[in-house]
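S.K.: Got a structure for you, work25.cif, holding mmCIF, C-alpha atoms.
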```cif
data_structure
#
loop_
_atom_site.group_PDB
_atom_site.id
_atom_site.type_symbol
_atom_site.label_atom_id
_atom_site.label_comp_id
_atom_site.auth_asym_id
_atom_site.auth_seq_id
_atom_site.Cartn_x
_atom_site.Cartn_y
_atom_site.Cartn_z
ATOM 1 C CA MET A 34 125.494 62.247 107.347
ATOM 2 C CA THR A 35 126.528 62.844 103.765
ATOM 3 C CA GLU A 36 127.019 60.152 101.155
ATOM 4 C CA GLN A 37 130.353 59.996 99.386
ATOM 5 C CA ARG A 38 128.920 60.781 95.991
ATOM 6 C CA GLY A 39 125.479 61.970 97.045
ATOM 7 C CA LEU A 40 123.997 64.717 94.961
ATOM 8 C CA ASP A 41 121.526 67.286 96.176
ATOM 9 C CA CYS A 42 118.443 68.182 94.177
ATOM 10 C CA ASN A 43 119.740 71.641 93.398
ATOM 11 C CA GLN A 44 122.774 70.011 91.821
ATOM 12 C CA VAL A 45 120.815 67.341 89.996
ATOM 13 C CA VAL A 46 118.631 69.856 88.179
ATOM 14 C CA GLU A 47 121.747 71.469 86.750
ATOM 15 C CA LEU A 48 122.972 68.117 85.382
ATOM 16 C CA VAL A 49 119.886 67.096 83.423
ATOM 17 C CA THR A 50 121.099 68.391 80.055
ATOM 18 C CA ALA A 51 124.506 66.757 80.346
ATOM 19 C CA TYR A 52 122.766 63.556 81.429
ATOM 20 C CA LEU A 53 120.363 63.532 78.475
ATOM 21 C CA ASP A 54 123.267 64.224 76.109
ATOM 22 C CA GLY A 55 125.173 61.281 77.565
ATOM 23 C CA SER A 56 128.090 63.491 78.511
ATOM 24 C CA LEU A 57 128.296 62.723 82.232
ATOM 25 C CA ASP A 58 131.175 60.440 83.122
ATOM 26 C CA ALA A 59 130.365 57.044 84.594
ATOM 27 C CA ASP A 60 130.653 58.174 88.214
ATOM 28 C CA ALA A 61 128.528 61.259 87.725
ATOM 29 C CA ARG A 62 125.917 59.287 85.816
ATOM 30 C CA ALA A 63 125.770 56.676 88.566
ATOM 31 C CA GLY A 64 125.326 59.369 91.203
ATOM 32 C CA PHE A 65 122.675 61.085 89.129
ATOM 33 C CA GLU A 66 120.667 57.901 88.552
ATOM 34 C CA ALA A 67 121.033 56.827 92.179
ATOM 35 C CA HIS A 68 119.530 60.126 93.241
ATOM 36 C CA LEU A 69 116.584 59.762 90.862
ATOM 37 C CA VAL A 70 115.720 56.381 92.326
ATOM 38 C CA GLU A 71 115.192 57.978 95.716
ATOM 39 C CA CYS A 72 113.857 61.377 94.748
ATOM 40 C CA ASP A 73 110.440 61.743 93.165
ATOM 41 C CA GLY A 74 110.902 65.482 92.735
ATOM 42 C CA CYS A 75 114.010 65.139 90.602
ATOM 43 C CA ASP A 76 112.642 62.151 88.729
ATOM 44 C CA LEU A 77 109.657 64.298 87.835
ATOM 45 C CA TYR A 78 111.858 67.261 86.934
ATOM 46 C CA LEU A 79 113.800 65.127 84.438
ATOM 47 C CA ASP A 80 110.552 63.784 83.030
ATOM 48 C CA GLN A 81 109.247 67.335 82.625
ATOM 49 C CA ILE A 82 112.391 68.349 80.751
ATOM 50 C CA ARG A 83 111.799 65.389 78.438
ATOM 51 C CA GLN A 84 108.187 66.449 77.956
ATOM 52 C CA THR A 85 109.340 69.974 77.188
ATOM 53 C CA ILE A 86 111.748 68.682 74.542
ATOM 54 C CA ALA A 87 108.973 66.553 73.060
ATOM 55 C CA VAL A 88 106.643 69.528 72.822
ATOM 56 C CA ALA A 89 109.370 71.638 71.202
ATOM 57 C CA GLY A 90 109.850 68.904 68.624
ATOM 58 C CA THR A 91 106.251 69.110 67.505
ATOM 59 C CA VAL A 92 106.308 72.819 66.739
ATOM 60 C CA VAL A 93 104.991 73.169 63.207
ATOM 61 C CA ALA A 94 107.389 74.725 60.749
ATOM 62 C CA ASP A 95 106.759 77.381 58.123
ATOM 63 C CA THR A 96 107.627 76.632 54.521
ATOM 64 C CA LEU A 97 108.955 78.795 51.724
ATOM 65 C CA PRO A 98 106.240 80.023 49.355
ATOM 66 C CA GLU A 99 105.968 77.972 46.182
ATOM 67 C CA GLN A 100 106.895 81.032 44.123
ATOM 68 C CA THR A 101 110.163 81.436 45.988
ATOM 69 C CA ARG A 102 110.991 77.780 45.603
ATOM 70 C CA ALA A 103 110.270 77.935 41.871
ATOM 71 C CA GLY A 104 112.578 80.934 41.578
ATOM 72 C CA LEU A 105 115.349 79.102 43.388
ATOM 73 C CA LEU A 106 114.987 76.127 41.103
ATOM 74 C CA ARG A 107 115.307 78.426 38.096
ATOM 75 C CA ALA A 108 118.439 79.973 39.593
ATOM 76 C CA PHE A 109 119.855 76.500 40.223
ATOM 77 C CA ARG A 110 119.107 75.515 36.652
ATOM 78 C CA THR A 111 120.714 78.647 35.246
ATOM 79 C CA LEU A 112 123.855 78.537 37.336
ATOM 80 C CA ASN A 113 124.311 74.864 36.589
ATOM 81 C CA THR A 114 124.198 75.121 32.818
ATOM 82 C CA ARG A 115 127.688 74.117 31.844
ATOM 83 C CA MET B 12 120.964 56.110 49.854
ATOM 84 C CA ALA B 13 119.709 58.430 52.533
ATOM 85 C CA THR B 14 117.724 61.380 51.228
ATOM 86 C CA PRO B 15 117.643 64.721 52.946
ATOM 87 C CA SER B 16 113.838 64.609 53.231
ATOM 88 C CA ASP B 17 114.328 63.348 56.734
ATOM 89 C CA PRO B 18 117.003 65.583 58.193
ATOM 90 C CA ALA B 19 117.642 63.036 60.927
ATOM 91 C CA LEU B 20 118.859 60.605 58.281
ATOM 92 C CA LEU B 21 121.555 62.894 57.055
ATOM 93 C CA PRO B 22 124.905 61.858 58.458
ATOM 94 C CA GLN B 23 127.171 64.369 60.021
ATOM 95 C CA PRO B 24 130.618 65.579 59.235
ATOM 96 C CA ALA B 25 131.599 65.046 55.610
ATOM 97 C CA SER B 26 130.413 61.531 55.026
ATOM 98 C CA GLN B 27 130.220 59.453 51.911
ATOM 99 C CA ALA B 28 126.489 60.159 51.528
ATOM 100 C CA ASP B 29 127.088 63.902 51.868
ATOM 101 C CA GLN B 30 129.816 63.797 49.211
ATOM 102 C CA GLU B 31 127.594 61.828 46.838
ATOM 103 C CA PHE B 32 124.782 64.285 47.373
ATOM 104 C CA VAL B 33 127.061 67.255 46.697
ATOM 105 C CA ASP B 34 128.198 65.549 43.485
ATOM 106 C CA ARG B 35 124.574 65.231 42.386
ATOM 107 C CA LEU B 36 123.987 68.919 43.065
ATOM 108 C CA ARG B 37 127.123 69.922 41.175
ATOM 109 C CA ALA B 38 125.938 67.795 38.268
ATOM 110 C CA GLY B 39 122.771 69.903 38.151
ATOM 111 C CA ASP B 40 120.358 67.341 39.655
ATOM 112 C CA GLU B 41 117.206 69.416 40.142
ATOM 113 C CA ASP B 42 115.354 66.787 42.141
ATOM 114 C CA ALA B 43 118.197 66.740 44.634
ATOM 115 C CA PHE B 44 118.124 70.517 44.959
ATOM 116 C CA ARG B 45 114.344 70.634 45.264
ATOM 117 C CA ASP B 46 114.425 67.957 47.992
ATOM 118 C CA LEU B 47 117.031 69.915 49.882
ATOM 119 C CA VAL B 48 115.068 73.163 49.728
ATOM 120 C CA THR B 49 111.897 71.395 50.887
ATOM 121 C CA ALA B 50 113.623 69.553 53.708
ATOM 122 C CA TRP B 51 115.736 72.342 55.135
ATOM 123 C CA SER B 52 113.869 75.602 54.492
ATOM 124 C CA PRO B 53 111.570 75.234 57.512
ATOM 125 C CA ALA B 54 114.537 75.057 59.890
ATOM 126 C CA MET B 55 116.280 77.853 57.993
ATOM 127 C CA LEU B 56 113.224 80.088 58.255
ATOM 128 C CA ARG B 57 113.117 79.495 61.961
ATOM 129 C CA LEU B 58 116.805 80.265 62.330
ATOM 130 C CA ALA B 59 116.355 83.450 60.296
ATOM 131 C CA ARG B 60 113.517 84.539 62.574
ATOM 132 C CA THR B 61 115.986 84.694 65.453
ATOM 133 C CA PHE B 62 117.510 87.754 63.805
ATOM 134 C CA VAL B 63 114.829 89.304 61.629
ATOM 135 C CA SER B 64 111.182 89.922 62.279
ATOM 136 C CA GLY B 65 108.319 88.946 60.036
ATOM 137 C CA ALA B 66 107.779 86.085 57.666
ATOM 138 C CA ALA B 67 108.673 88.168 54.597
ATOM 139 C CA SER B 68 112.100 89.156 55.934
ATOM 140 C CA ALA B 69 112.810 85.585 56.952
ATOM 141 C CA GLN B 70 111.837 84.356 53.488
ATOM 142 C CA ASP B 71 114.159 86.938 51.909
ATOM 143 C CA VAL B 72 117.015 85.773 54.100
ATOM 144 C CA VAL B 73 116.438 82.102 53.327
ATOM 145 C CA GLN B 74 116.106 82.765 49.610
ATOM 146 C CA ASP B 75 119.334 84.750 49.756
ATOM 147 C CA ALA B 76 121.000 81.897 51.652
ATOM 148 C CA TRP B 77 119.959 79.305 49.041
ATOM 149 C CA LEU B 78 121.367 81.517 46.298
ATOM 150 C CA GLY B 79 124.583 81.618 48.278
ATOM 151 C CA VAL B 80 124.518 77.834 48.511
ATOM 152 C CA ILE B 81 124.073 77.487 44.740
ATOM 153 C CA LYS B 82 126.931 79.863 44.024
ATOM 154 C CA GLY B 83 129.178 78.425 46.711
ATOM 155 C CA LEU B 84 128.646 74.774 45.887
ATOM 156 C CA ASP B 85 131.824 74.490 43.850
ATOM 157 C CA ARG B 86 133.870 75.746 46.776
ATOM 158 C CA PHE B 87 132.266 73.500 49.429
ATOM 159 C CA GLU B 88 134.907 71.121 50.692
ATOM 160 C CA CYS B 89 132.923 68.657 52.823
ATOM 161 C CA ARG B 90 134.939 69.602 55.893
ATOM 162 C CA SER B 91 131.677 70.124 57.737
ATOM 163 C CA SER B 92 128.458 68.349 56.892
ATOM 164 C CA LEU B 93 126.430 69.791 54.031
ATOM 165 C CA ARG B 94 123.669 70.739 56.437
ATOM 166 C CA ALA B 95 126.007 72.501 58.844
ATOM 167 C CA TRP B 96 127.439 74.470 55.927
ATOM 168 C CA VAL B 97 123.996 75.492 54.633
ATOM 169 C CA PHE B 98 122.752 76.400 58.112
ATOM 170 C CA THR B 99 125.883 78.465 58.780
ATOM 171 C CA ILE B 100 125.173 80.427 55.609
ATOM 172 C CA VAL B 101 121.624 81.226 56.663
ATOM 173 C CA VAL B 102 122.662 82.186 60.207
ATOM 174 C CA ASN B 103 125.306 84.562 58.850
ATOM 175 C CA ARG B 104 122.943 86.079 56.279
ATOM 176 C CA ALA B 105 120.258 86.489 58.930
ATOM 177 C CA ARG B 106 122.684 88.188 61.278
ATOM 178 C CA THR B 107 123.753 90.669 58.600
ATOM 179 C CA HIS B 108 120.182 91.265 57.554
ATOM 180 C CA GLY B 109 119.130 91.792 61.155
ATOM 181 C CA VAL B 110 121.832 94.349 61.763
ATOM 182 C CA ARG B 111 120.813 96.190 58.603
ATOM 183 C CA GLU B 112 117.236 96.305 59.793
ATOM 184 C CA ALA B 113 118.606 97.887 62.950
ATOM 185 C CA ARG B 114 116.026 96.221 65.053
ATOM 186 C CA THR B 115 116.032 96.761 68.726
ATOM 187 C CA THR B 116 115.273 93.510 70.448
ATOM 188 C CA PRO B 117 113.380 93.911 73.697
ATOM 189 C CA MET B 118 115.144 92.405 76.684
ATOM 190 C CA SER B 119 114.058 88.859 77.074
ATOM 191 C CA GLN B 120 112.004 88.124 80.117
ATOM 192 C CA PHE B 121 114.142 85.053 80.592
ATOM 193 C CA GLY B 122 117.343 86.999 81.094
ATOM 194 C CA ARG B 123 120.579 87.153 79.188
ATOM 195 C CA ASP B 124 122.486 84.452 77.366
ATOM 196 C CA ASP B 125 125.420 84.759 79.705
ATOM 197 C CA ASP B 126 123.473 84.352 82.949
ATOM 198 C CA THR B 127 125.365 81.946 85.138
ATOM 199 C CA GLY B 128 122.937 81.540 88.006
ATOM 200 C CA PRO B 129 120.938 78.422 88.801
ATOM 201 C CA THR B 130 118.252 77.497 86.290
ATOM 202 C CA VAL B 131 115.737 76.654 88.978
ATOM 203 C CA ASP B 132 114.792 79.242 91.570
ATOM 204 C CA ALA B 133 116.938 78.704 94.667
ATOM 205 C CA SER B 134 113.922 79.225 96.927
ATOM 206 C CA ARG B 135 112.575 75.864 95.745
ATOM 207 C CA PHE B 136 115.369 74.048 97.601
ATOM 208 C CA GLN B 137 116.039 73.779 101.318
ATOM 209 C CA GLY B 138 118.728 76.038 102.685
ATOM 210 C CA PRO B 139 121.659 74.981 104.884
ATOM 211 C CA ASP B 140 119.378 74.934 107.949
ATOM 212 C CA GLY B 141 116.799 72.696 106.354
ATOM 213 C CA GLU B 142 116.281 69.068 107.250
ATOM 214 C CA TYR B 143 117.775 68.022 103.902
ATOM 215 C CA PRO B 144 119.850 70.927 102.632
ATOM 216 C CA GLY B 145 119.820 71.249 98.870
ATOM 217 C CA HIS B 146 116.717 69.088 98.485
ATOM 218 C CA TRP B 147 113.358 70.241 97.192
ATOM 219 C CA THR B 148 111.033 71.954 99.637
ATOM 220 C CA SER B 149 107.541 70.512 99.715
ATOM 221 C CA MET B 150 106.182 73.648 98.060
ATOM 222 C CA GLY B 151 108.986 73.829 95.533
ATOM 223 C CA ALA B 152 109.051 70.245 94.301
ATOM 224 C CA PRO B 153 107.725 69.633 90.777
ATOM 225 C CA GLN B 154 104.116 68.486 90.547
ATOM 226 C CA ARG B 155 102.735 66.155 87.912
ATOM 227 C CA TRP B 156 101.281 67.828 84.840
ATOM 228 C CA ASP B 157 98.912 65.097 83.800
ATOM 229 C CA GLU B 158 95.741 65.990 85.652
ATOM 230 C CA VAL B 159 94.215 67.573 82.595
ATOM 231 C CA PRO B 160 90.609 67.254 81.492
ATOM 232 C CA ASP B 161 91.226 67.361 77.753
ATOM 233 C CA ARG B 162 94.696 66.193 76.800
ATOM 234 C CA ARG B 163 94.371 67.037 73.126
ATOM 235 C CA THR B 164 93.364 70.666 73.578
ATOM 236 C CA LEU B 165 95.990 71.324 76.168
ATOM 237 C CA THR B 166 98.660 69.728 74.070
ATOM 238 C CA ARG B 167 97.851 72.148 71.224
ATOM 239 C CA GLU B 168 98.010 75.049 73.672
ATOM 240 C CA ALA B 169 101.229 73.704 75.129
ATOM 241 C CA ILE B 170 102.814 73.609 71.687
ATOM 242 C CA ASP B 171 101.804 77.192 70.944
ATOM 243 C CA LEU B 172 103.019 78.249 74.363
ATOM 244 C CA VAL B 173 106.423 76.626 73.939
ATOM 245 C CA GLU B 174 106.773 78.038 70.439
ATOM 246 C CA ALA B 175 106.092 81.537 71.750
ATOM 247 C CA ALA B 176 108.456 80.972 74.663
ATOM 248 C CA ILE B 177 111.245 79.892 72.327
ATOM 249 C CA GLU B 178 110.842 83.185 70.483
ATOM 250 C CA GLN B 179 111.307 84.986 73.789
ATOM 251 C CA LEU B 180 114.561 83.262 74.680
ATOM 252 C CA PRO B 181 117.812 85.215 74.443
ATOM 253 C CA PRO B 182 119.059 84.801 70.849
ATOM 254 C CA ARG B 183 121.802 82.236 71.420
ATOM 255 C CA GLN B 184 119.614 80.034 73.599
ATOM 256 C CA ARG B 185 116.893 80.348 70.987
ATOM 257 C CA LEU B 186 119.262 79.230 68.227
ATOM 258 C CA VAL B 187 120.479 76.203 70.153
ATOM 259 C CA VAL B 188 117.007 75.090 71.268
ATOM 260 C CA THR B 189 115.711 75.593 67.722
ATOM 261 C CA LEU B 190 118.454 73.477 66.191
ATOM 262 C CA ARG B 191 118.611 70.773 68.868
ATOM 263 C CA ASP B 192 115.046 70.337 70.064
ATOM 264 C CA VAL B 193 112.790 71.766 67.362
ATOM 265 C CA HIS B 194 114.739 70.348 64.424
ATOM 266 C CA GLY B 195 116.655 67.469 66.001
ATOM 267 C CA VAL B 196 120.072 68.600 64.825
ATOM 268 C CA SER B 197 122.921 66.872 66.636
ATOM 269 C CA SER B 198 125.159 68.520 69.187
ATOM 270 C CA GLU B 199 128.153 68.344 66.843
ATOM 271 C CA GLU B 200 126.366 69.986 63.948
ATOM 272 C CA THR B 201 124.873 72.645 66.182
ATOM 273 C CA CYS B 202 128.334 73.562 67.428
ATOM 274 C CA ALA B 203 129.595 73.696 63.833
ATOM 275 C CA VAL B 204 126.739 75.914 62.663
ATOM 276 C CA LEU B 205 126.989 78.357 65.536
ATOM 277 C CA GLU B 206 130.767 78.129 65.862
ATOM 278 C CA ILE B 207 130.632 77.497 69.596
ATOM 279 C CA SER B 208 132.186 74.885 71.854
ATOM 280 C CA ALA B 209 130.339 71.783 73.021
ATOM 281 C CA GLU B 210 130.360 73.102 76.561
ATOM 282 C CA ASN B 211 129.005 76.478 75.546
ATOM 283 C CA GLN B 212 126.301 74.820 73.475
ATOM 284 C CA ARG B 213 125.262 72.627 76.392
ATOM 285 C CA VAL B 214 125.009 75.577 78.751
ATOM 286 C CA LEU B 215 122.801 77.487 76.296
ATOM 287 C CA LEU B 216 120.619 74.427 75.715
ATOM 288 C CA HIS B 217 120.353 73.819 79.448
ATOM 289 C CA ARG B 218 119.245 77.358 80.195
ATOM 290 C CA GLY B 219 116.820 77.439 77.283
ATOM 291 C CA ARG B 220 115.177 74.150 78.200
ATOM 292 C CA ALA B 221 114.895 75.146 81.874
ATOM 293 C CA ALA B 222 113.104 78.337 80.861
ATOM 294 C CA LEU B 223 110.697 76.435 78.611
ATOM 295 C CA ARG B 224 109.949 73.878 81.301
ATOM 296 C CA GLN B 225 109.169 76.723 83.683
ATOM 297 C CA THR B 226 106.785 78.212 81.129
ATOM 298 C CA LEU B 227 104.913 74.929 80.897
ATOM 299 C CA GLU B 228 104.903 74.510 84.663
ATOM 300 C CA ASP B 229 103.428 77.988 85.133
ATOM 301 C CA TYR B 230 100.792 77.136 82.553
ATOM 302 C CA TYR B 231 99.812 73.778 84.059
ATOM 303 C CA ARG B 232 99.694 75.136 87.585
ATOM 304 C CA ARG B 233 97.636 78.224 86.788
#
```
What's the structure tokens form of this structure?
M.R.:
Amino acid sequence: MTEQRGLDCNQVVELVTAYLDGSLDADARAGFEAHLVECDGCDLYLDQIRQTIAVAGTVVADTLPEQTRAGLLRAFRTLNTR
Amino acid sequence: MATPSDPALLPQPASQADQEFVDRLRAGDEDAFRDLVTAWSPAMLRLARTFVSGAASAQDVVQDAWLGVIKGLDRFECRSSLRAWVFTIVVNRARTHGVREARTTPMSQFGRDDDTGPTVDASRFQGPDGEYPGHWTSMGAPQRWDEVPDRRTLTREAIDLVEAAIEQLPPRQRLVVTLRDVHGVSSEETCAVLEISAENQRVLLHRGRAALRQTLEDYYRR
């Protein structure tokens, strides 16, 4: 017995990015969310994708050395003398 | 007025705030320029590292890009956002620089950019003869990651792990994940910077994120 709009887990995992971007149409989003209500595995998968994004967002960034920045400011100053 | 110190505050395509900021730069406002360099260089360094190896090369590329920005400011037409324009410059410079270095990039363990297969191993789902075809197997279903003795230590390790994994992604996935998830750049700006379609961008992001999630899963289940 298959539901009209029922999604399988192997389909749901391929929709997570579109879902998080809000680019699923209303029907697809409804089907996606309906599946999550009944499927712990997929609910967890989505949550793990969110966790992954959160971790990526905390990656510490390098900065330009102060010397380089000072040089750029000098260049900006020079090229802007009008 | 929004300042570029928080990149998330910067509006996207050619807005009033962008135009005002460009006017300040053209008028020689050094504080504005310094703020911009401080705010955006970290992301630019990371983008550069997709094409060149080593901090020094990346710094050269970013410095070169900023010089290009200074010289090109008069010609900037606000058709894209200021940030998209600046990031496009650094990506193009990095690409050129990378080619000149003639680096051979080892094949990524996560496969090629244009892989079209499923992002989760098919063996984790029941086949057509299973009780619920297409659904997770009991062995394949995701397990919770939160049974950890020391959350703080593992979080630090997780960050390092994901950072390293991002560097191992195929270049285009790496660029998209870097822009979208590491630096919070919007989908529209990411497409503008990389000159790719929304659909293409989403596919790259999807594959990149799936690979990173797998890395974390392998780590937590070790």
S.K.: Return as a tab-separated table the residues of chain B lying at most 6 Å from chain A, together with the closest atom-to-atom pair for each and the distance in Å to one decimal, counting only C-alpha atoms, with rows in chain order and ascending residue number.
M.R.:
```
residue	atom	partner	partner_atom	distance
B:Gly39	CA	A:Asn113	CA	5.4
B:Pro53	CA	A:Thr96	CA	5.1
B:Gly145	CA	A:Asp41	CA	5.1
B:His146	CA	A:Cys42	CA	4.7
B:Ala152	CA	A:Gly74	CA	5.3
B:Pro153	CA	A:Gly74	CA	5.6
B:Ile170	CA	A:Val88	CA	5.7
B:Asp192	CA	A:Gly90	CA	5.6
B:Val193	CA	A:Gly90	CA	4.3
B:His217	CA	A:Thr50	CA	5.5
B:Arg224	CA	A:Thr85	CA	5.7
```
S.K.: I would like the residues chosen by the PyMOL selection byres ((chain B and resi 228) around 10) on the shown file; could you give them as a list of chain:residue names?
M.R.: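 So the PyMOL selection byres ((chain B and resi 228) around 10) ends up selecting A:Gln81, A:Thr85, B:Pro153, B:Gln154, B:Arg155, B:Trp156, B:Ala222, B:Leu223, B:Arg224, B:Gln225, B:Thr226, B:Leu227, B:Asp229, B:Tyr230, B:Tyr231, B:Arg232, B:Arg233.
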S.K.: Give the padded box for range 84-92 of chain B as lines of an AutoDock Vina configuration file: axis-aligned, covering all atoms listed in the file, 4 Å on each side, centre and edge lengths in Å to one decimal.
M.R.:
```
center_x = 131.7
center_y = 72.0
center_z = 50.8
size_x = 14.5
size_y = 15.4
size_z = 21.9
```
S.K.: In Å, how far is it from CA of Arg35 in chain B to CA of Gln100 in chain A?
M.R.: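 CA of Arg35 in chain B sits 23.8 Å away from CA of Gln100 in chain A.
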S.K.: I'd like the interatomic distance between CA of Trp96 in chain B and CA of Arg57 in chain B, to a tenth of an Å.
M.R.: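 Result for CA of Trp96 in chain B versus CA of Arg57 in chain B: 16.3 Å, one decimal.
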S.K.: What is the CA of Val63 in chain B-CA of Gly109 in chain B distance in Å, reported with one decimal?
M.R.: 5.0 Å
S.K.: May I have the residues within 8 Å of Thr189 in chain B as a VMD selection string, using only C-alpha atoms and disregarding those fewer than 5 positions away in the same chain?
M.R.: chain B and resid 54 57 to 58 177 194
S.K.: Is it possible to get the residues within 12 Å of (122.7, 68.1, 70.2) (coordinates as in the file, counting all atoms listed in the file) written as a ChimeraX atom specification?
M.R.: /A:50-51,53-56,86 /B:19,23,186-204,208-217
S.K.: For the file shown, report as an MDAnalysis selection string the outcome of the PyMOL selection byres ((chain B and resi 136) around 10) at residue level.
M.R.: (chainID A and resid 41:43) or (chainID B and resid 131:135 137:139 141 143:152)
S.K.: Quick one: residues within 8 Å of (123.0, 79.5, 84.0) (file frame), counting all atoms listed in the file, please, as a compact mmCIF listing (two decimals) with C-alpha atoms, in the frame of the given file.
M.R.:
```txt
# COMPACT_ATOMS: atom_id res chain seq x y z
CA ASP B 125 125.42 84.76 79.70
CA ASP B 126 123.47 84.35 82.95
CA THR B 127 125.36 81.95 85.14
CA GLY B 128 122.94 81.54 88.01
CA PRO B 129 120.94 78.42 88.80
CA THR B 130 118.25 77.50 86.29
CA VAL B 214 125.01 75.58 78.75
CA LEU B 215 122.80 77.49 76.30
CA HIS B 217 120.35 73.82 79.45
CA ARG B 218 119.24 77.36 80.19
```
S.K.: Can you pull out the residues contacting Thr99 in chain B? Cut-off 9 Å, using only C-alpha atoms, and skip same-chain residues under 3 positions away; I want them as a list in words.
M.R.: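 Those residues are Arg94, Ala95, Trp96, Val102, Asn103, Arg104, Ala203, Val204, Leu205 and Glu206 of chain B.
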